[in-house]
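Asker: Before we start, here is the structure in question, set down as C-alpha cells.
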Amino acid sequence: MQAVMYIVRYLVFPGFVFSAVVGLLTTWVDRKVSARVQLRVGPPWFQPFADTIKLFGKEVIVPSNARWTGFLLMPIIGLAAATLASTILWSVNLAPERTFIGDTLVTLYVMTIPALAMIIGGSASGNPLGALGSAREMKLLFAYELPLTIAFLTTIVKVGSFSFGKILMYQQYNGVMLGSVSGVLAFIVAIFCAQAKLGFLPFDIPEAETEIAGGTHIEYSGAPLAIVRLNTAIMYLVVPLFIITVFWGGVNFTGWRILTSVLKYVAIVVIMVLIKNTNPRVKIAQAVRFFWGPMFAISAIAMILAIIGY
Amino acid sequence: MSLALKALKKSPWIFHVNTGACNNCDIEILDCLTPRFDVERFGVVLVGSVRHADVLLISGPVTQNILPRLKRLYEAAPRPIKVVAFGACGCRCGIFRDGYNVVGPMDKFIPVDAYIPGCPPKPETIISGIVKVLNQL
C-alpha cells in the first residue's frame with residue numbers, strides 16, 4: 001500500500017502530471033512577460049501545451065551517426081530526475097514531517113542530472129554543434145555549481161541540519177533567511193546560478209539558438225524534443241521552488257497563505273525573466289569568470305557572515 | 001482531424017532558409033516578429049535547427065552551390081513538413097533568372113506547398129501565406 005502511494009505521488013501529485021502542467025504554465029508566464037517587456041502581445045495560455053502535443057505527433061529522427069541509446073534514453077533520464085526533485089520539494093513543502101535526513105543533498109544532486117543528461121544526449125547526437133553545446137554545458141555546470149552550493153550551505157550553517165523539514169521549521173520560528181544579511185547575499189547568488197541552471201540569457205550559451213542553432217537540442221525532433229522541453233519546464237518549477245524553500249520560508253497551501261506562496265513563486269519567476277530580457281548572451285569564458293570571481297566572492301562573504309551569526 | 005494536427009495548426013515553428021536571396025526578404029521575415037505584427041500571438045516561432053521545423057520558409061533563387069544543401073535540408077526535416085517559396089526570387093528566380101550560377105526556382109527540386117510573391121513581400125502577405133499553408137493541413 002505504501003509503495004502504491006509513493007508511485008502515485010511520483011507520477012500524479014505532486015510528481016509528474018502536476019509538475020508538468022504547472023511547469024508548462026510557467027513557461028507561458030515566461031513567454032508572456034517577455035512579450036510584454038518587448039511591447040508585444042505574446043502567445044495565448046495554451047501555447048506550451050499545443051507545442052508539446054504537436055511535437056509528440058511529429059516524426060522522430062535519429063541521425064545515422066548518432067548513438068541511439070544515449071540519444072533517446074538521456075531525455076527520459078533527465079525527465080525522471082527533474083520529476084524526482086520536484087516530488088521531494090513539493091512533498092516537503094506540503095507536509096514538513098515527510099522530510100528525511102539529507103534530502104537537501106539528494107535534491108541538490110538530482111537537480112544536476114538533467115544538465116548531465118543533456119550533456120550526454122548532445123554528445124551522442126553525432127552533430128559537431130551538439131558536441132560544442134555539450135562542452136559548453138559542462139563548463140557552465142562546473143562554473144555555477146560552486147557558488148550555488150556555497151550559497152545553499154549558508155542556510156545549512158545557520159540551521160545546523162541537512163533536512164528540508166528543519167530548514168522550514170527554523171524559518172517559521174526565527175524568520176526567513178532573506179531577513180538576514182548573509183541570506184540576502186546568498187539569495188542574489190542563487191538567483192544568478194538559477195539563471196545558468198535553467199539555460200536563460202545571459203547564460204544560455206549551451207543552447208544559443210542564433211549561434212550554434214540549439215546546441216545540445218539540435219538533433220532532437222518529435223517526441224524526444226517534447227520530452228527535452230518538458231524537462232526544461234519541470235526544472236523551471238523546481239529551481240524557483242528550491243530557492244523559495246531554502247531562503248524564503250517555503251510554500252504553504254493552508255488558508256490565505258496560498259496567495260503569498262503563489263506570489264513568492266511568480267515574483268522569483270518574473271525576476272528571472274526580467275534578467276533574461278535585459279541582458280545579452282555572454283561568452284563561456286566570461287560566464288566562468290563571473291561565477292568563479294564575483295559570485296564566489298559574494299557567496300564566501302555570505303558564508304563567513306553566517307558563521308559569525310549575521 | 002487528429003489532436004496532433006490541431007496542435008500543429010496552433011504552433012507552426014518556422015525554419016528560415018536562404019538559398020541565395022539578396023537579404024531583403026530575410027529582413028521582412030524579422031519584421032513579422034516585431035511588436036507591430038508579433039506572429040508569436042499565433043504560436044509562430046523562428047527555430048534554429050531544421051529538426052524542430054514545421055514550415056520551411058525558403059527565400060531566394062537556387063544557386064549551384066546551395067542545391068545539394070537544399071535537398072539535404074528538405075530530407076532532414078521531420079514530417080509533416082510544409083515548404084513555402086518566399087519572394088519573387090523564390091517563386092520564379094526574379095531578377096536573377098539569367099544569372100550564371102542560378103539553376104532555377106526551387107519547385108524544380110523540392111515540392112512546394114505555397115508561394116508568397118513580392119520583392120520583398122509585405123509582412124501582411126507573409127502572415128496570410130502562412131495561414132493558407134496551415135489551412136491545407
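Please note that chains go A, B, ... in the order of the C-alpha cells, that every chain numbers its residues from 1, and that ligands are numbered from 1 in the order shown.
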Per residue of chain A within 7 Å of chain B, note the shortest atom pair and the distance in Å to one decimal, counting only C-alpha atoms, and order the rows by chain and increasing residue number, as JSON lines.
Answerer:
```
{"residue": "A:Leu39", "atom": "CA", "partner": "B:Pro35", "partner_atom": "CA", "distance": 5.9}
{"residue": "A:Arg40", "atom": "CA", "partner": "B:Pro35", "partner_atom": "CA", "distance": 4.6}
{"residue": "A:Val41", "atom": "CA", "partner": "B:Arg41", "partner_atom": "CA", "distance": 6.4}
{"residue": "A:Gly42", "atom": "CA", "partner": "B:Arg41", "partner_atom": "CA", "distance": 5.0}
{"residue": "A:Pro43", "atom": "CA", "partner": "B:Arg41", "partner_atom": "CA", "distance": 4.2}
{"residue": "A:Pro44", "atom": "CA", "partner": "B:Arg41", "partner_atom": "CA", "distance": 6.6}
{"residue": "A:Gln47", "atom": "CA", "partner": "B:Gly43", "partner_atom": "CA", "distance": 6.4}
{"residue": "A:Ala50", "atom": "CA", "partner": "B:Ala7", "partner_atom": "CA", "distance": 4.8}
{"residue": "A:Asp51", "atom": "CA", "partner": "B:Ser11", "partner_atom": "CA", "distance": 5.8}
{"residue": "A:Ile53", "atom": "CA", "partner": "B:Ala4", "partner_atom": "CA", "distance": 5.8}
{"residue": "A:Lys54", "atom": "CA", "partner": "B:Ala4", "partner_atom": "CA", "distance": 4.8}
{"residue": "A:Gly57", "atom": "CA", "partner": "B:Ala4", "partner_atom": "CA", "distance": 5.1}
{"residue": "A:Lys58", "atom": "CA", "partner": "B:Arg79", "partner_atom": "CA", "distance": 6.3}
{"residue": "A:Glu59", "atom": "CA", "partner": "B:Pro78", "partner_atom": "CA", "distance": 5.2}
{"residue": "A:Val60", "atom": "CA", "partner": "B:Pro78", "partner_atom": "CA", "distance": 6.9}
{"residue": "A:Ile61", "atom": "CA", "partner": "B:Pro78", "partner_atom": "CA", "distance": 6.8}
{"residue": "A:Glu209", "atom": "CA", "partner": "B:Gly48", "partner_atom": "CA", "distance": 5.2}
{"residue": "A:Thr210", "atom": "CA", "partner": "B:Gly48", "partner_atom": "CA", "distance": 6.4}
{"residue": "A:Ala213", "atom": "CA", "partner": "B:Gly48", "partner_atom": "CA", "distance": 4.4}
{"residue": "A:Gly214", "atom": "CA", "partner": "B:Gly48", "partner_atom": "CA", "distance": 6.0}
{"residue": "A:Ile218", "atom": "CA", "partner": "B:Ser49", "partner_atom": "CA", "distance": 5.7}
{"residue": "A:Glu219", "atom": "CA", "partner": "B:Arg51", "partner_atom": "CA", "distance": 6.0}
{"residue": "A:Tyr220", "atom": "CA", "partner": "B:Arg51", "partner_atom": "CA", "distance": 6.4}
{"residue": "A:Ser221", "atom": "CA", "partner": "B:Arg51", "partner_atom": "CA", "distance": 5.2}
```
Asker: Give me, as number ranges by chain, all polymer residues having an atom no more than 6 Å from region 103-107 of chain B, counting only C-alpha atoms and skipping those fewer than 2 positions away in the same chain.
Answerer: B: 61-64, 92-93, 109-112
Asker: Which residue, A:Val184, A:Ala297, A:Ala190, A:Leu89, has the smallest gap to Met272 (chain A) when you use only C-alpha atoms?
Answerer: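 Result for the nearest residue to Met272 (chain A): A:Ala190.
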Asker: Quick one: residues within 8 Å of Gly23 (chain A), only C-alpha atoms, excluding same-chain residues fewer than 6 positions away - as a ChimeraX atom specification?
Answerer: /A:230,233-237
Asker: Any chance you could export the current selection's C-alpha atoms as a PDB file, in the first residue's frame?
Answerer:
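The resulting file, part19.pdb, is shown below:
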```pdb
ATOM      1  CA  LEU A 230       9.070  19.085 -20.598  1.00  0.00           C
ATOM      2  CA  ALA A 233       9.572  23.136 -17.960  1.00  0.00           C
ATOM      3  CA  ILE A 234       9.775  20.975 -14.817  1.00  0.00           C
ATOM      4  CA  MET A 235      13.191  22.429 -13.939  1.00  0.00           C
ATOM      5  CA  TYR A 236      11.529  25.815 -14.318  1.00  0.00           C
ATOM      6  CA  LEU A 237       9.250  24.775 -11.460  1.00  0.00           C
TER       7      LEU A 237
END
```
Asker: Just list the residues in chain B DSSP gives alpha helix (DSSP H) on the backbone, as a JSON list (two decimals) with N, CA and C atoms, in the first residue's frame.
Answerer:
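File produced: selection.json:
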```json
[["chain", "number", "residue", "atom", "x", "y", "z"],
["B", 3, "LEU", "N", -5.65, 15.19, -32.95],
["B", 3, "LEU", "CA", -5.25, 16.21, -31.96],
["B", 3, "LEU", "C", -3.90, 16.80, -32.31],
["B", 4, "ALA", "N", -2.97, 15.96, -32.75],
["B", 4, "ALA", "CA", -1.62, 16.44, -33.05],
["B", 4, "ALA", "C", -1.66, 17.44, -34.20],
["B", 5, "LEU", "N", -2.54, 17.18, -35.18],
["B", 5, "LEU", "CA", -2.63, 18.08, -36.32],
["B", 5, "LEU", "C", -3.25, 19.42, -35.91],
["B", 6, "LYS", "N", -4.24, 19.31, -35.00],
["B", 6, "LYS", "CA", -4.87, 20.53, -34.48],
["B", 6, "LYS", "C", -3.84, 21.38, -33.75],
["B", 7, "ALA", "N", -2.98, 20.68, -32.94],
["B", 7, "ALA", "CA", -1.95, 21.39, -32.19],
["B", 7, "ALA", "C", -0.93, 21.99, -33.14],
["B", 8, "LEU", "N", -0.65, 21.28, -34.25],
["B", 8, "LEU", "CA", 0.31, 21.79, -35.23],
["B", 8, "LEU", "C", -0.16, 23.11, -35.81],
["B", 9, "LYS", "N", -1.48, 23.24, -36.02],
["B", 9, "LYS", "CA", -2.01, 24.50, -36.54],
["B", 9, "LYS", "C", -1.82, 25.63, -35.55],
["B", 10, "LYS", "N", -1.78, 25.29, -34.25],
["B", 10, "LYS", "CA", -1.65, 26.34, -33.24],
["B", 10, "LYS", "C", -0.20, 26.68, -32.96],
["B", 24, "ASN", "N", 16.95, 40.95, -48.57],
["B", 24, "ASN", "CA", 15.82, 41.84, -48.36],
["B", 24, "ASN", "C", 14.63, 41.08, -47.79],
["B", 25, "CYS", "N", 14.37, 39.88, -48.33],
["B", 25, "CYS", "CA", 13.28, 39.05, -47.81],
["B", 25, "CYS", "C", 13.51, 38.69, -46.36],
["B", 26, "ASP", "N", 14.78, 38.42, -46.01],
["B", 26, "ASP", "CA", 15.10, 37.98, -44.66],
["B", 26, "ASP", "C", 14.78, 39.07, -43.65],
["B", 27, "ILE", "N", 15.04, 40.34, -44.05],
["B", 27, "ILE", "CA", 14.71, 41.46, -43.16],
["B", 27, "ILE", "C", 13.20, 41.54, -42.95],
["B", 28, "GLU", "N", 12.43, 41.28, -44.03],
["B", 28, "GLU", "CA", 10.97, 41.32, -43.89],
["B", 28, "GLU", "C", 10.46, 40.21, -42.98],
["B", 29, "ILE", "N", 11.14, 39.04, -42.99],
["B", 29, "ILE", "CA", 10.72, 37.96, -42.09],
["B", 29, "ILE", "C", 10.89, 38.41, -40.64],
["B", 30, "LEU", "N", 12.02, 39.09, -40.36],
["B", 30, "LEU", "CA", 12.25, 39.56, -39.00],
["B", 30, "LEU", "C", 11.19, 40.59, -38.60],
["B", 31, "ASP", "N", 10.70, 41.36, -39.60],
["B", 31, "ASP", "CA", 9.65, 42.33, -39.30],
["B", 31, "ASP", "C", 8.43, 41.68, -38.68],
["B", 67, "LEU", "N", 22.30, 24.02, -53.95],
["B", 67, "LEU", "CA", 21.33, 22.99, -54.36],
["B", 67, "LEU", "C", 21.43, 21.69, -53.55],
["B", 68, "PRO", "N", 22.65, 21.06, -53.42],
["B", 68, "PRO", "CA", 22.71, 19.82, -52.63],
["B", 68, "PRO", "C", 22.31, 20.04, -51.18],
["B", 69, "ARG", "N", 22.66, 21.22, -50.65],
["B", 69, "ARG", "CA", 22.32, 21.51, -49.24],
["B", 69, "ARG", "C", 20.81, 21.69, -49.07],
["B", 70, "LEU", "N", 20.18, 22.29, -50.09],
["B", 70, "LEU", "CA", 18.73, 22.46, -50.01],
["B", 70, "LEU", "C", 18.03, 21.11, -49.98],
["B", 71, "LYS", "N", 18.50, 20.18, -50.85],
["B", 71, "LYS", "CA", 17.88, 18.86, -50.87],
["B", 71, "LYS", "C", 18.09, 18.15, -49.53],
["B", 72, "ARG", "N", 19.30, 18.28, -48.97],
["B", 72, "ARG", "CA", 19.57, 17.62, -47.68],
["B", 72, "ARG", "C", 18.73, 18.22, -46.57],
["B", 73, "LEU", "N", 18.54, 19.54, -46.60],
["B", 73, "LEU", "CA", 17.72, 20.19, -45.58],
["B", 73, "LEU", "C", 16.29, 19.66, -45.64],
["B", 74, "TYR", "N", 15.77, 19.52, -46.89],
["B", 74, "TYR", "CA", 14.41, 19.04, -47.04],
["B", 74, "TYR", "C", 14.28, 17.62, -46.50],
["B", 75, "GLU", "N", 15.33, 16.80, -46.76],
["B", 75, "GLU", "CA", 15.28, 15.43, -46.25],
["B", 75, "GLU", "C", 15.44, 15.38, -44.73],
["B", 76, "ALA", "N", 16.17, 16.34, -44.17],
["B", 76, "ALA", "CA", 16.44, 16.32, -42.72],
["B", 76, "ALA", "C", 15.25, 16.77, -41.90],
["B", 87, "GLY", "N", 9.13, 35.22, -51.71],
["B", 87, "GLY", "CA", 9.66, 36.33, -52.51],
["B", 87, "GLY", "C", 9.64, 36.03, -53.99],
["B", 88, "ALA", "N", 9.81, 37.08, -54.79],
["B", 88, "ALA", "CA", 9.79, 36.92, -56.25],
["B", 88, "ALA", "C", 10.85, 35.92, -56.70],
["B", 89, "CYS", "N", 12.04, 35.96, -56.07],
["B", 89, "CYS", "CA", 13.12, 35.05, -56.47],
["B", 89, "CYS", "C", 12.78, 33.62, -56.10],
["B", 90, "GLY", "N", 12.14, 33.44, -54.92],
["B", 90, "GLY", "CA", 11.80, 32.10, -54.51],
["B", 90, "GLY", "C", 10.77, 31.47, -55.44],
["B", 91, "CYS", "N", 9.84, 32.30, -55.94],
["B", 91, "CYS", "CA", 8.79, 31.76, -56.80],
["B", 91, "CYS", "C", 9.32, 31.51, -58.22],
["B", 92, "ARG", "N", 9.96, 32.51, -58.84],
["B", 92, "ARG", "CA", 10.35, 32.39, -60.25],
["B", 92, "ARG", "C", 11.74, 32.97, -60.54],
["B", 123, "PRO", "N", 4.87, 42.12, -44.66],
["B", 123, "PRO", "CA", 4.58, 41.20, -43.54],
["B", 123, "PRO", "C", 3.14, 40.69, -43.56],
["B", 124, "GLU", "N", 2.19, 41.54, -43.98],
["B", 124, "GLU", "CA", 0.79, 41.08, -44.06],
["B", 124, "GLU", "C", 0.68, 39.91, -45.03],
["B", 125, "THR", "N", 1.39, 40.01, -46.17],
["B", 125, "THR", "CA", 1.38, 38.94, -47.15],
["B", 125, "THR", "C", 1.96, 37.66, -46.56],
["B", 126, "ILE", "N", 3.05, 37.80, -45.79],
["B", 126, "ILE", "CA", 3.69, 36.62, -45.20],
["B", 126, "ILE", "C", 2.71, 35.92, -44.27],
["B", 127, "ILE", "N", 2.05, 36.70, -43.39],
["B", 127, "ILE", "CA", 1.12, 36.10, -42.43],
["B", 127, "ILE", "C", -0.01, 35.40, -43.18],
["B", 128, "SER", "N", -0.54, 36.06, -44.23],
["B", 128, "SER", "CA", -1.63, 35.45, -45.00],
["B", 128, "SER", "C", -1.16, 34.17, -45.66],
["B", 129, "GLY", "N", 0.08, 34.15, -46.17],
["B", 129, "GLY", "CA", 0.60, 32.93, -46.79],
["B", 129, "GLY", "C", 0.73, 31.79, -45.81],
["B", 130, "ILE", "N", 1.24, 32.09, -44.59],
["B", 130, "ILE", "CA", 1.40, 31.05, -43.58],
["B", 130, "ILE", "C", 0.03, 30.49, -43.19],
["B", 131, "VAL", "N", -0.96, 31.38, -43.06],
["B", 131, "VAL", "CA", -2.31, 30.92, -42.71],
["B", 131, "VAL", "C", -2.84, 29.98, -43.79],
["B", 132, "LYS", "N", -2.59, 30.32, -45.07],
["B", 132, "LYS", "CA", -3.08, 29.45, -46.15],
["B", 132, "LYS", "C", -2.40, 28.09, -46.10],
["B", 133, "VAL", "N", -1.09, 28.07, -45.80],
["B", 133, "VAL", "CA", -0.39, 26.79, -45.71],
["B", 133, "VAL", "C", -1.00, 25.94, -44.61],
["B", 134, "LEU", "N", -1.29, 26.57, -43.45],
["B", 134, "LEU", "CA", -1.81, 25.79, -42.33],
["B", 134, "LEU", "C", -3.20, 25.27, -42.64],
["B", 135, "ASN", "N", -3.97, 26.03, -43.43],
["B", 135, "ASN", "CA", -5.32, 25.55, -43.77],
["B", 135, "ASN", "C", -5.28, 24.36, -44.72],
["B", 136, "GLN", "N", -4.14, 24.14, -45.39],
["B", 136, "GLN", "CA", -4.03, 22.97, -46.26],
["B", 136, "GLN", "C", -3.95, 21.68, -45.45]]
```
Asker: I need the residue nearest Phe291 (chain A) from this list: A:Asn93, A:Thr112, A:Thr149, A:Ser180. Use only C-alpha atoms for the distance.
Answerer: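 Nearest to Phe291 (chain A): A:Thr149.
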Asker: Could you check how far CA of Thr154 (chain A) sits from CA of Met303 (chain A), in Å to one decimal?
Answerer: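 CA of Met303 (chain A) lies 5.0 Å from CA of Thr154 (chain A).
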Asker: What lies within 10 Å of Met111 (chain A) using only C-alpha atoms, ignoring chain neighbours under 6 positions off, as a list in words?
Answerer: Gly78, Ala81, Ala82, Thr83, Leu84, Ala85, Ser86, Leu105, Lys197, Met235, Val238, Val239 and Phe242 of chain A
Asker: Figure out the distance between CA of Phe192 (chain A) and CA of Glu207 (chain A), please, to one decimal in Å.
Answerer: 17.3 Å
Asker: With a distance cut-off of 9 Å and only C-alpha atoms, select the neighbouring residues of Ser261 (chain A), excluding the residue or stretch itself and same-chain residues fewer than 5 positions from it, and output the selection as a list in words.
Answerer: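 Contacts, with the query itself left out: Gly250, Val251, Asn252, Phe253 and Val266 of chain A.
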Asker: Name the residues in contact with region 1-12 of chain A at a cut-off of 9 Å, using only C-alpha atoms, excluding same-chain residues fewer than 2 positions from it; report them as a ChimeraX atom specification.
Answerer: /A:14-19,83-84,86-88,91
